[in-house]
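All remarks here apply to the structure that follows.
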Amino acid sequence: MKILHINSYYISSTIYKHLISHMDRPGILNDIYIPVDRDENIGKYKGIESERINYIYSKCFGKLDRIIFHLKNYRIEKDMYKKVDFDGVDVVHAHSLFVNGYLALKLKRKLGYDYMVAIRATDVKVFFKKMIMLRKLGVEIMKNAKYLIFISPYYEDDVIDTYVPENLREEMKKKSIVIPNGVDKFWLDNMDMRERVFKDKDIRLVYAGRLEGVKNLDTTIAVLKELIKRGYNATLDIIGKGPEEGKIKKLAEGELEGALNFYGFMPKEELIKFYRRNDIFIMPSKRETFGLVYIEALSQGLPIIYTKNEGVYGYFKEGEAGYAVDCNNISEIADRVEDIYNRNVWNMEHLEEKIKNDFNWDNVVEEYIKYYDTF
(Lines give C-alpha, C1' and ligand atoms only; values in the text may rest on other atoms or scores of the structure.)
Protein backbone atom coordinates (compact mmCIF):
# COMPACT_ATOMS: atom_id res chain seq x y z
CA MET A 1 0.00 0.00 0.00
CA LYS A 2 1.37 3.41 -1.00
CA ILE A 3 0.09 6.46 0.89
CA LEU A 4 0.64 10.00 -0.30
CA HIS A 5 0.49 12.41 2.63
CA ILE A 6 -0.03 16.06 1.66
CA ASN A 7 1.06 18.02 4.70
CA SER A 8 1.97 21.72 4.67
CA TYR A 9 1.76 21.67 8.50
CA TYR A 10 4.45 18.99 8.94
CA ILE A 11 7.09 21.47 10.09
CA SER A 12 4.80 23.12 12.66
CA SER A 13 4.51 20.17 15.04
CA THR A 14 6.31 16.97 16.04
CA ILE A 15 2.91 15.22 15.97
CA TYR A 16 3.33 14.29 12.32
CA LYS A 17 6.87 13.03 12.90
CA HIS A 18 5.47 10.57 15.46
CA LEU A 19 2.55 9.61 13.20
CA ILE A 20 4.73 8.82 10.20
CA SER A 21 7.37 7.04 12.30
CA HIS A 22 4.70 4.71 13.73
CA MET A 23 3.38 4.15 10.20
CA ASP A 24 6.70 2.63 9.14
CA ARG A 25 5.44 -0.92 8.77
CA PRO A 26 6.05 -3.74 6.29
CA GLY A 27 3.76 -3.40 3.29
CA ILE A 28 3.19 0.35 3.75
CA LEU A 29 5.04 3.01 1.76
CA ASN A 30 4.70 6.61 2.94
CA ASP A 31 5.44 9.56 0.66
CA ILE A 32 5.10 12.85 2.57
CA TYR A 33 4.88 15.96 0.40
CA ILE A 34 5.85 18.95 2.56
CA PRO A 35 5.66 22.38 0.87
CA VAL A 36 7.60 25.09 2.77
CA ASP A 37 8.20 28.81 2.34
CA ARG A 38 11.86 28.97 3.47
CA ASP A 39 14.94 26.89 2.73
CA GLU A 40 15.75 26.62 6.45
CA ASN A 41 12.51 24.65 6.97
CA ILE A 42 13.67 21.83 4.71
CA GLY A 43 14.27 18.77 6.89
CA LYS A 44 12.55 20.24 9.97
CA TYR A 45 11.03 17.55 12.24
CA LYS A 46 12.14 14.85 9.84
CA GLY A 47 11.33 11.50 11.38
CA ILE A 48 13.11 8.17 11.19
CA GLU A 49 15.10 7.18 8.11
CA SER A 50 13.51 4.21 6.37
CA GLU A 51 13.37 2.80 2.86
CA ARG A 52 9.58 2.79 3.29
CA ILE A 53 9.39 6.56 4.01
CA ASN A 54 10.06 9.30 1.46
CA TYR A 55 10.15 12.88 2.79
CA ILE A 56 9.55 15.36 -0.04
CA TYR A 57 10.36 18.81 1.32
CA SER A 58 9.97 21.54 -1.28
CA LYS A 59 10.47 25.29 -1.10
CA CYS A 60 7.80 26.29 -3.60
CA PHE A 61 6.14 29.47 -2.28
CA GLY A 62 7.09 32.60 -0.37
CA LYS A 63 5.78 34.51 2.62
CA LEU A 64 3.87 36.97 0.47
CA ASP A 65 2.07 34.12 -1.32
CA ARG A 66 0.28 33.32 1.95
CA ILE A 67 -1.80 36.47 1.53
CA ILE A 68 -3.57 35.17 -1.59
CA PHE A 69 -5.02 31.68 -1.01
CA HIS A 70 -5.39 30.64 -4.63
CA LEU A 71 -1.98 32.00 -5.70
CA LYS A 72 -0.19 30.12 -2.93
CA ASN A 73 -1.98 26.89 -3.73
CA TYR A 74 -1.46 27.30 -7.46
CA ARG A 75 2.29 27.43 -6.81
CA ILE A 76 2.15 24.39 -4.52
CA GLU A 77 -0.01 22.40 -6.95
CA LYS A 78 2.38 23.06 -9.84
CA ASP A 79 5.31 21.98 -7.70
CA MET A 80 3.52 18.88 -6.41
CA TYR A 81 3.04 17.48 -9.93
CA LYS A 82 6.78 17.92 -10.54
CA LYS A 83 8.08 16.49 -7.25
CA VAL A 84 5.71 13.63 -6.41
CA ASP A 85 5.78 10.21 -8.03
CA PHE A 86 2.09 9.29 -8.30
CA ASP A 87 2.77 5.82 -9.69
CA GLY A 88 1.15 3.20 -7.46
CA VAL A 89 -0.51 5.64 -5.01
CA ASP A 90 -3.41 3.89 -3.23
CA VAL A 91 -4.42 6.50 -0.67
CA VAL A 92 -4.16 10.29 -0.56
CA HIS A 93 -4.21 11.63 3.01
CA ALA A 94 -4.57 15.43 3.22
CA HIS A 95 -3.64 16.69 6.68
CA SER A 96 -5.74 19.85 6.64
CA LEU A 97 -8.92 20.94 4.87
CA PHE A 98 -7.92 24.31 3.43
CA VAL A 99 -4.59 24.02 1.57
CA ASN A 100 -3.90 20.26 1.78
CA GLY A 101 -7.50 19.25 1.14
CA TYR A 102 -7.68 21.75 -1.70
CA LEU A 103 -4.64 20.10 -3.29
CA ALA A 104 -6.21 16.66 -2.81
CA LEU A 105 -9.39 17.85 -4.51
CA LYS A 106 -7.37 19.18 -7.47
CA LEU A 107 -5.50 15.87 -7.63
CA LYS A 108 -8.73 13.90 -7.63
CA ARG A 109 -10.15 15.96 -10.47
CA LYS A 110 -6.97 15.70 -12.55
CA LEU A 111 -5.78 12.14 -11.87
CA GLY A 112 -8.75 10.46 -10.18
CA TYR A 113 -7.19 9.69 -6.79
CA ASP A 114 -9.64 9.51 -3.89
CA TYR A 115 -8.64 11.11 -0.61
CA MET A 116 -9.31 11.46 3.10
CA VAL A 117 -8.93 14.85 4.75
CA ALA A 118 -8.26 16.01 8.31
CA ILE A 119 -10.01 19.10 9.67
CA ARG A 120 -7.87 21.11 12.10
CA ALA A 121 -8.51 23.98 14.50
CA THR A 122 -7.06 26.44 11.97
CA ASP A 123 -9.53 25.19 9.36
CA VAL A 124 -12.39 25.92 11.73
CA LYS A 125 -11.28 29.02 13.65
CA VAL A 126 -9.53 30.84 10.80
CA PHE A 127 -10.71 29.63 7.40
CA PHE A 128 -14.36 28.69 8.05
CA LYS A 129 -15.00 31.35 10.66
CA LYS A 130 -13.19 34.35 9.18
CA MET A 131 -12.72 33.69 5.45
CA ILE A 132 -16.35 33.61 4.41
CA MET A 133 -15.46 33.63 0.70
CA LEU A 134 -13.77 30.21 1.13
CA ARG A 135 -16.60 28.42 2.98
CA LYS A 136 -18.15 27.04 -0.19
CA LEU A 137 -14.75 25.64 -1.21
CA GLY A 138 -14.36 24.01 2.23
CA VAL A 139 -17.69 22.25 1.87
CA GLU A 140 -16.76 21.17 -1.68
CA ILE A 141 -13.52 19.59 -0.42
CA MET A 142 -15.47 17.76 2.30
CA LYS A 143 -18.15 16.61 -0.13
CA ASN A 144 -15.58 15.03 -2.48
CA ALA A 145 -13.57 13.29 0.26
CA LYS A 146 -13.99 9.59 1.04
CA TYR A 147 -13.49 10.26 4.78
CA LEU A 148 -13.41 13.32 7.02
CA ILE A 149 -11.03 13.04 9.98
CA PHE A 150 -11.68 15.06 13.10
CA ILE A 151 -9.28 15.20 16.04
CA SER A 152 -12.10 15.69 18.56
CA PRO A 153 -15.82 14.87 18.69
CA TYR A 154 -16.70 18.52 19.30
CA TYR A 155 -15.13 19.72 16.05
CA GLU A 156 -17.06 17.08 14.11
CA ASP A 157 -20.41 18.38 15.34
CA ASP A 158 -19.40 22.04 15.17
CA VAL A 159 -18.16 22.00 11.58
CA ILE A 160 -21.00 19.94 10.14
CA ASP A 161 -23.81 21.71 12.03
CA THR A 162 -22.42 25.22 11.51
CA TYR A 163 -20.91 25.31 8.03
CA VAL A 164 -22.40 22.45 6.01
CA PRO A 165 -25.76 23.01 4.24
CA GLU A 166 -28.56 21.05 5.92
CA ASN A 167 -29.16 18.82 2.88
CA LEU A 168 -25.54 17.55 3.04
CA ARG A 169 -25.18 17.02 6.79
CA GLU A 170 -26.27 13.40 6.94
CA GLU A 171 -23.91 12.48 4.10
CA MET A 172 -21.02 14.24 5.88
CA LYS A 173 -21.70 12.58 9.22
CA LYS A 174 -21.69 9.12 7.64
CA LYS A 175 -18.12 9.53 6.42
CA SER A 176 -16.80 11.38 9.47
CA ILE A 177 -14.38 9.65 11.86
CA VAL A 178 -12.77 10.86 15.07
CA ILE A 179 -9.13 9.85 15.58
CA PRO A 180 -7.12 11.55 18.34
CA ASN A 181 -3.40 12.18 18.28
CA GLY A 182 -1.15 9.84 20.20
CA VAL A 183 1.12 10.80 23.06
CA ASP A 184 4.84 10.09 23.27
CA LYS A 185 5.42 6.53 24.51
CA PHE A 186 7.51 7.97 27.37
CA TRP A 187 4.34 9.16 29.12
CA LEU A 188 2.52 5.84 28.76
CA ASP A 189 5.55 3.91 30.01
CA ASN A 190 5.87 6.17 33.06
CA MET A 191 2.27 6.69 34.16
CA ASP A 192 1.75 7.79 37.75
CA MET A 193 -1.89 7.96 38.79
CA ARG A 194 -1.29 8.70 42.47
CA GLU A 195 -4.12 10.64 44.07
CA ARG A 196 -3.91 14.35 44.83
CA VAL A 197 -4.97 15.42 48.32
CA PHE A 198 -5.98 19.08 48.73
CA LYS A 199 -5.69 20.79 52.11
CA ASP A 200 -4.43 23.89 53.93
CA LYS A 201 -5.60 26.15 51.04
CA ASP A 202 -2.60 25.01 48.95
CA ILE A 203 -3.09 24.88 45.16
CA ARG A 204 -0.12 24.21 42.92
CA LEU A 205 -0.85 24.92 39.25
CA VAL A 206 1.38 24.00 36.32
CA TYR A 207 1.45 25.01 32.64
CA ALA A 208 3.72 23.49 29.98
CA GLY A 209 3.81 24.52 26.34
CA ARG A 210 4.59 27.35 23.94
CA LEU A 211 4.59 30.82 25.46
CA GLU A 212 2.40 32.52 22.88
CA GLY A 213 -0.82 34.49 22.74
CA VAL A 214 -3.07 31.63 21.65
CA LYS A 215 -2.21 29.76 24.88
CA ASN A 216 -3.87 32.57 26.87
CA LEU A 217 -1.21 32.87 29.58
CA ASP A 218 -2.37 36.37 30.52
CA THR A 219 -5.66 34.87 31.67
CA THR A 220 -3.96 31.97 33.46
CA ILE A 221 -1.80 34.44 35.42
CA ALA A 222 -4.91 36.50 36.20
CA VAL A 223 -6.50 33.30 37.59
CA LEU A 224 -3.46 32.85 39.84
CA LYS A 225 -3.97 36.39 41.20
CA GLU A 226 -7.69 35.70 41.71
CA LEU A 227 -6.99 32.53 43.70
CA ILE A 228 -4.51 34.39 45.91
CA LYS A 229 -7.13 37.10 46.40
CA ARG A 230 -9.59 34.39 47.52
CA GLY A 231 -7.17 33.32 50.23
CA TYR A 232 -5.42 30.35 48.61
CA ASN A 233 -1.71 29.66 48.82
CA ALA A 234 -1.63 29.37 45.04
CA THR A 235 1.45 28.94 42.87
CA LEU A 236 1.90 28.57 39.13
CA ASP A 237 4.88 26.86 37.45
CA ILE A 238 5.28 27.88 33.80
CA ILE A 239 7.45 25.67 31.61
CA GLY A 240 8.24 26.44 27.99
CA LYS A 241 9.62 29.00 25.60
CA GLY A 242 8.18 31.42 23.07
CA PRO A 243 7.52 35.08 22.29
CA GLU A 244 5.94 35.85 25.69
CA GLU A 245 8.96 34.60 27.64
CA GLY A 246 10.30 38.08 28.50
CA LYS A 247 6.97 39.28 29.87
CA ILE A 248 6.53 36.19 32.04
CA LYS A 249 10.06 36.48 33.43
CA LYS A 250 9.32 40.04 34.53
CA LEU A 251 6.11 38.98 36.25
CA ALA A 252 7.95 36.15 38.02
CA GLU A 253 10.45 38.66 39.37
CA GLY A 254 7.86 41.31 40.23
CA GLU A 255 4.63 41.36 42.24
CA LEU A 256 4.10 37.62 41.82
CA GLU A 257 7.58 36.60 42.93
CA GLY A 258 7.34 33.33 44.82
CA ALA A 259 3.89 32.56 43.42
CA LEU A 260 4.75 32.59 39.71
CA ASN A 261 7.77 30.48 38.76
CA PHE A 262 9.29 30.42 35.28
CA TYR A 263 11.54 27.52 34.27
CA GLY A 264 11.95 27.81 30.50
CA PHE A 265 12.03 24.81 28.19
CA MET A 266 12.89 21.43 29.65
CA PRO A 267 13.06 17.87 28.26
CA LYS A 268 10.29 15.44 29.12
CA GLU A 269 12.54 13.65 31.62
CA GLU A 270 12.57 16.85 33.71
CA LEU A 271 9.03 17.96 32.88
CA ILE A 272 7.56 14.77 34.36
CA LYS A 273 8.92 15.79 37.79
CA PHE A 274 6.98 19.06 37.63
CA TYR A 275 3.77 17.29 36.70
CA ARG A 276 4.21 14.96 39.65
CA ARG A 277 4.92 17.68 42.18
CA ASN A 278 1.98 19.90 41.22
CA ASP A 279 -1.80 19.56 41.71
CA ILE A 280 -3.58 20.84 38.59
CA PHE A 281 -2.61 21.36 34.95
CA ILE A 282 -4.08 24.58 33.53
CA MET A 283 -4.23 25.66 29.87
CA PRO A 284 -7.37 27.56 28.83
CA SER A 285 -6.19 28.07 25.23
CA LYS A 286 -8.02 30.35 22.84
CA ARG A 287 -7.55 27.81 20.06
CA GLU A 288 -6.37 24.20 20.33
CA THR A 289 -6.65 21.43 17.74
CA PHE A 290 -5.91 18.78 20.34
CA GLY A 291 -3.31 19.64 23.00
CA LEU A 292 -1.11 16.65 23.78
CA VAL A 293 0.11 18.30 26.98
CA TYR A 294 -3.34 17.65 28.49
CA ILE A 295 -2.82 13.91 27.99
CA GLU A 296 0.74 14.10 29.30
CA ALA A 297 -0.57 15.73 32.47
CA LEU A 298 -3.40 13.21 32.82
CA SER A 299 -0.86 10.38 32.54
CA GLN A 300 0.68 11.73 35.75
CA GLY A 301 -2.63 11.87 37.62
CA LEU A 302 -3.16 15.63 37.22
CA PRO A 303 -6.71 16.95 36.77
CA ILE A 304 -6.83 19.46 33.92
CA ILE A 305 -8.41 22.83 33.22
CA TYR A 306 -9.12 23.08 29.47
CA THR A 307 -11.24 25.17 27.12
CA LYS A 308 -14.83 24.49 26.12
CA ASN A 309 -15.14 23.52 22.46
CA GLU A 310 -11.37 23.21 21.99
CA GLY A 311 -8.68 20.54 22.22
CA VAL A 312 -9.68 17.50 24.26
CA TYR A 313 -13.19 18.85 24.89
CA GLY A 314 -15.67 16.03 24.27
CA TYR A 315 -13.27 13.19 25.10
CA PHE A 316 -14.10 13.29 28.80
CA LYS A 317 -17.26 13.84 30.79
CA GLU A 318 -17.36 17.05 32.80
CA GLY A 319 -15.56 16.48 36.08
CA GLU A 320 -14.09 13.16 34.91
CA ALA A 321 -10.63 14.48 34.00
CA GLY A 322 -11.05 18.05 35.19
CA TYR A 323 -13.21 20.91 33.92
CA ALA A 324 -13.85 22.77 30.67
CA VAL A 325 -14.01 26.55 30.95
CA ASP A 326 -14.74 29.74 29.06
CA CYS A 327 -11.17 30.76 28.24
CA ASN A 328 -11.98 34.47 28.71
CA ASN A 329 -13.74 34.19 32.07
CA ILE A 330 -11.21 34.56 34.90
CA SER A 331 -13.80 34.11 37.63
CA GLU A 332 -15.23 30.94 36.08
CA ILE A 333 -11.78 29.41 35.66
CA ALA A 334 -10.94 30.18 39.29
CA ASP A 335 -14.28 28.61 40.33
CA ARG A 336 -13.44 25.39 38.48
CA VAL A 337 -10.02 25.26 40.14
CA GLU A 338 -11.83 25.61 43.46
CA ASP A 339 -14.18 22.79 42.45
CA ILE A 340 -11.16 20.52 42.06
CA TYR A 341 -9.77 21.66 45.42
CA ASN A 342 -13.12 21.16 47.17
CA ARG A 343 -13.25 17.49 46.20
CA ASN A 344 -10.37 17.12 48.70
CA VAL A 345 -9.06 13.96 47.04
CA TRP A 346 -8.61 13.60 43.28
CA ASN A 347 -7.97 10.12 41.92
CA MET A 348 -7.42 9.47 38.20
CA GLU A 349 -7.04 5.68 38.20
CA HIS A 350 -10.36 5.30 36.37
CA LEU A 351 -8.76 6.93 33.29
CA GLU A 352 -5.60 4.84 33.17
CA GLU A 353 -6.77 2.28 30.58
CA LYS A 354 -8.47 4.91 28.44
CA ILE A 355 -5.28 6.96 28.24
CA LYS A 356 -3.13 3.89 27.51
CA ASN A 357 -5.44 2.70 24.72
CA ASP A 358 -6.93 5.81 23.10
CA PHE A 359 -3.77 7.91 22.96
CA ASN A 360 -1.26 5.20 22.07
CA TRP A 361 0.35 5.94 18.68
CA ASP A 362 0.32 2.27 17.69
CA ASN A 363 -3.45 2.13 18.23
CA VAL A 364 -3.96 5.47 16.46
CA VAL A 365 -2.06 4.20 13.41
CA GLU A 366 -4.06 0.95 13.41
CA GLU A 367 -7.21 3.07 13.21
CA TYR A 368 -5.87 4.97 10.21
CA ILE A 369 -4.82 1.76 8.47
CA LYS A 370 -8.31 0.34 8.95
CA TYR A 371 -9.65 3.18 6.77
CA TYR A 372 -6.73 3.13 4.32
CA ASP A 373 -7.60 -0.50 3.59
CA THR A 374 -11.02 0.53 2.24
CA PHE A 375 -9.58 2.62 -0.62
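Letters A, B, ... mark the chains of the C-alpha coordinates in the order given; residue numbers begin at 1 per chain; ligand numbers begin at 1, in order shown.
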
Quick one: pick out all helix (DSSP H, G or I) residues within region 33-194 of chain A from a backbone DSSP run and write them as JSON, numbers by chain.
{"A": [39, 40, 41, 63, 64, 65, 66, 67, 69, 70, 71, 72, 73, 74, 75, 76, 77, 78, 79, 80, 81, 82, 83, 97, 98, 99, 100, 101, 102, 103, 104, 105, 106, 107, 108, 109, 110, 111, 121, 122, 123, 124, 125, 126, 127, 128, 129, 130, 132, 133, 134, 135, 136, 137, 138, 139, 140, 141, 142, 143, 144, 153, 154, 155, 156, 157, 158, 159, 160, 161, 162, 163, 166, 167, 168, 169, 170, 171, 172, 173, 174, 185, 186, 187, 188, 189]}

Students should find that CA of Leu97 (chain A) and CA of Leu148 (chain A) are spaced 9.1 Å

Minimum-distance residue to Thr307 (chain A), chosen among A:Tyr275, A:Lys82, A:Thr220, A:Glu257 (using only C-alpha atoms):
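Of A:Tyr275, A:Lys82, A:Thr220, A:Glu257, the one nearest Thr307 (chain A) is A:Thr220, counting only C-alpha atoms.
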
Just give me the gap between CA of Tyr372 (chain A) and CA of Asn41 (chain A) in Å, one decimal is fine.
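Here the two named atoms are 29.0 Å from each other.
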
Excluding same-chain residues fewer than 4 positions from Lys173 (chain A), what lies within 10 Å of it counting only C-alpha atoms, as a PyMOL selection string?
chain A and resi 147-148+156-157+160-161+168-169+177

How close does each residue of region 164-244 of chain A get to region 115-124 of chain A, giving the shortest atom pair and distance in Å to one decimal for every residue with an atom at most 10 Å away, counting only C-alpha atoms, sorted by chain and residue number, as CSV?
```
residue,atom,partner,partner_atom,distance
A:Lys175,CA,A:Met116,CA,9.6
A:Ser176,CA,A:Ala118,CA,9.8
A:Ile177,CA,A:Ala118,CA,9.5
A:Val178,CA,A:Ala118,CA,9.6
A:Ile179,CA,A:Ala118,CA,9.6
```

Write the residues of the preceding selection, restricted to N, CA and C atoms, as an mmCIF file, in the first residue's frame.
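Written file, out.cif:
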```cif
data_model
loop_
_atom_site.group_PDB
_atom_site.id
_atom_site.type_symbol
_atom_site.label_atom_id
_atom_site.label_comp_id
_atom_site.auth_asym_id
_atom_site.auth_seq_id
_atom_site.Cartn_x
_atom_site.Cartn_y
_atom_site.Cartn_z
ATOM 1 N N LYS A 175 -19.527 9.777 6.779
ATOM 2 C CA LYS A 175 -18.121 9.526 6.423
ATOM 3 C C LYS A 175 -17.146 10.237 7.367
ATOM 4 N N SER A 176 -17.650 10.712 8.486
ATOM 5 C CA SER A 176 -16.798 11.378 9.475
ATOM 6 C C SER A 176 -16.272 10.376 10.494
ATOM 7 N N ILE A 177 -14.995 10.505 10.837
ATOM 8 C CA ILE A 177 -14.382 9.654 11.857
ATOM 9 C C ILE A 177 -13.576 10.537 12.816
ATOM 10 N N VAL A 178 -13.539 10.128 14.060
ATOM 11 C CA VAL A 178 -12.766 10.863 15.070
ATOM 12 C C VAL A 178 -11.562 10.011 15.459
ATOM 13 N N ILE A 179 -10.380 10.537 15.213
ATOM 14 C CA ILE A 179 -9.135 9.851 15.579
ATOM 15 C C ILE A 179 -8.251 10.850 16.320
#
```

Applying 12 Å and only C-alpha atoms, which residues near Gly258 (chain A) remain after dropping the ones on its own chain fewer than 2 positions away? List them as number ranges by chain.
A: 204, 224, 228, 233-237, 251-256, 260-262

Mind writing the picked residues with N, CA, C and O atoms as a short mmCIF file (atom, residue, chain, number, x, y, z; two decimals), in the first residue's frame?
```
data_model
loop_
_atom_site.label_atom_id
_atom_site.label_comp_id
_atom_site.auth_asym_id
_atom_site.auth_seq_id
_atom_site.Cartn_x
_atom_site.Cartn_y
_atom_site.Cartn_z
N ARG A 204 -1.32 24.09 43.75
CA ARG A 204 -0.12 24.21 42.92
C ARG A 204 -0.50 23.94 41.46
O ARG A 204 -0.81 22.80 41.09
N LEU A 224 -4.35 33.00 38.68
CA LEU A 224 -3.46 32.85 39.84
C LEU A 224 -3.69 33.99 40.83
O LEU A 224 -3.84 33.76 42.04
N ILE A 228 -5.21 33.80 44.76
CA ILE A 228 -4.51 34.39 45.91
C ILE A 228 -5.43 35.37 46.63
O ILE A 228 -5.50 35.40 47.87
N ASN A 233 -3.17 29.63 48.99
CA ASN A 233 -1.71 29.66 48.82
C ASN A 233 -1.43 29.06 47.44
O ASN A 233 -1.04 27.91 47.31
N ALA A 234 -1.69 29.85 46.42
CA ALA A 234 -1.63 29.37 45.04
C ALA A 234 -0.28 29.69 44.41
O ALA A 234 0.26 30.78 44.60
N THR A 235 0.23 28.73 43.65
CA THR A 235 1.45 28.94 42.87
C THR A 235 1.22 28.44 41.45
O THR A 235 0.34 27.60 41.20
N LEU A 236 2.00 28.97 40.53
CA LEU A 236 1.90 28.57 39.13
C LEU A 236 3.31 28.37 38.57
O LEU A 236 4.11 29.32 38.54
N ASP A 237 3.63 27.15 38.14
CA ASP A 237 4.88 26.86 37.45
C ASP A 237 4.63 26.94 35.96
O ASP A 237 3.73 26.25 35.44
N LEU A 251 7.17 39.22 35.27
CA LEU A 251 6.11 38.98 36.25
C LEU A 251 6.61 38.07 37.38
O LEU A 251 6.26 38.27 38.55
N ALA A 252 7.43 37.09 37.02
CA ALA A 252 7.95 36.15 38.02
C ALA A 252 8.91 36.84 38.98
O ALA A 252 9.09 36.40 40.12
N GLU A 253 9.50 37.93 38.52
CA GLU A 253 10.45 38.66 39.37
C GLU A 253 9.81 39.89 40.01
O GLU A 253 10.45 40.61 40.76
N GLY A 254 8.54 40.13 39.72
CA GLY A 254 7.86 41.31 40.23
C GLY A 254 6.87 41.00 41.34
O GLY A 254 7.19 40.27 42.29
N GLU A 255 5.63 41.49 41.18
CA GLU A 255 4.63 41.36 42.24
C GLU A 255 4.25 39.92 42.55
O GLU A 255 3.78 39.62 43.64
N LEU A 256 4.49 39.02 41.60
CA LEU A 256 4.10 37.62 41.82
C LEU A 256 5.29 36.74 42.21
O LEU A 256 5.20 35.52 42.18
N LEU A 260 4.59 32.92 41.12
CA LEU A 260 4.75 32.59 39.71
C LEU A 260 6.21 32.20 39.47
O LEU A 260 7.13 32.98 39.74
N ASN A 261 6.41 30.99 38.96
CA ASN A 261 7.77 30.48 38.76
C ASN A 261 7.96 30.10 37.30
O ASN A 261 7.20 29.32 36.74
N PHE A 262 9.01 30.67 36.69
CA PHE A 262 9.29 30.42 35.28
C PHE A 262 10.53 29.55 35.16
O PHE A 262 11.58 29.87 35.73
#
```

Top pick for closest residue to Gly246 (chain A), considering A:Leu111, A:Ile221, A:Ile76, A:Leu211 and counting only C-alpha atoms:
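With only C-alpha atoms as the atom set, the closest residue is A:Leu211.
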
Skipping near chain neighbours, those fewer than 3 positions away, what residues fall within 7 Å of Arg196 (chain A) using only C-alpha atoms, listed as a list in words?
Asp279, Val345, Trp346 and Asn347 of chain A

Using only C-alpha atoms, pick whichever of A:Ile141, A:Ile15, A:Ile53, A:Val197 has the shortest atom-to-atom distance to Ile280 (chain A).
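With only C-alpha atoms as the atom set, the closest residue is A:Val197.
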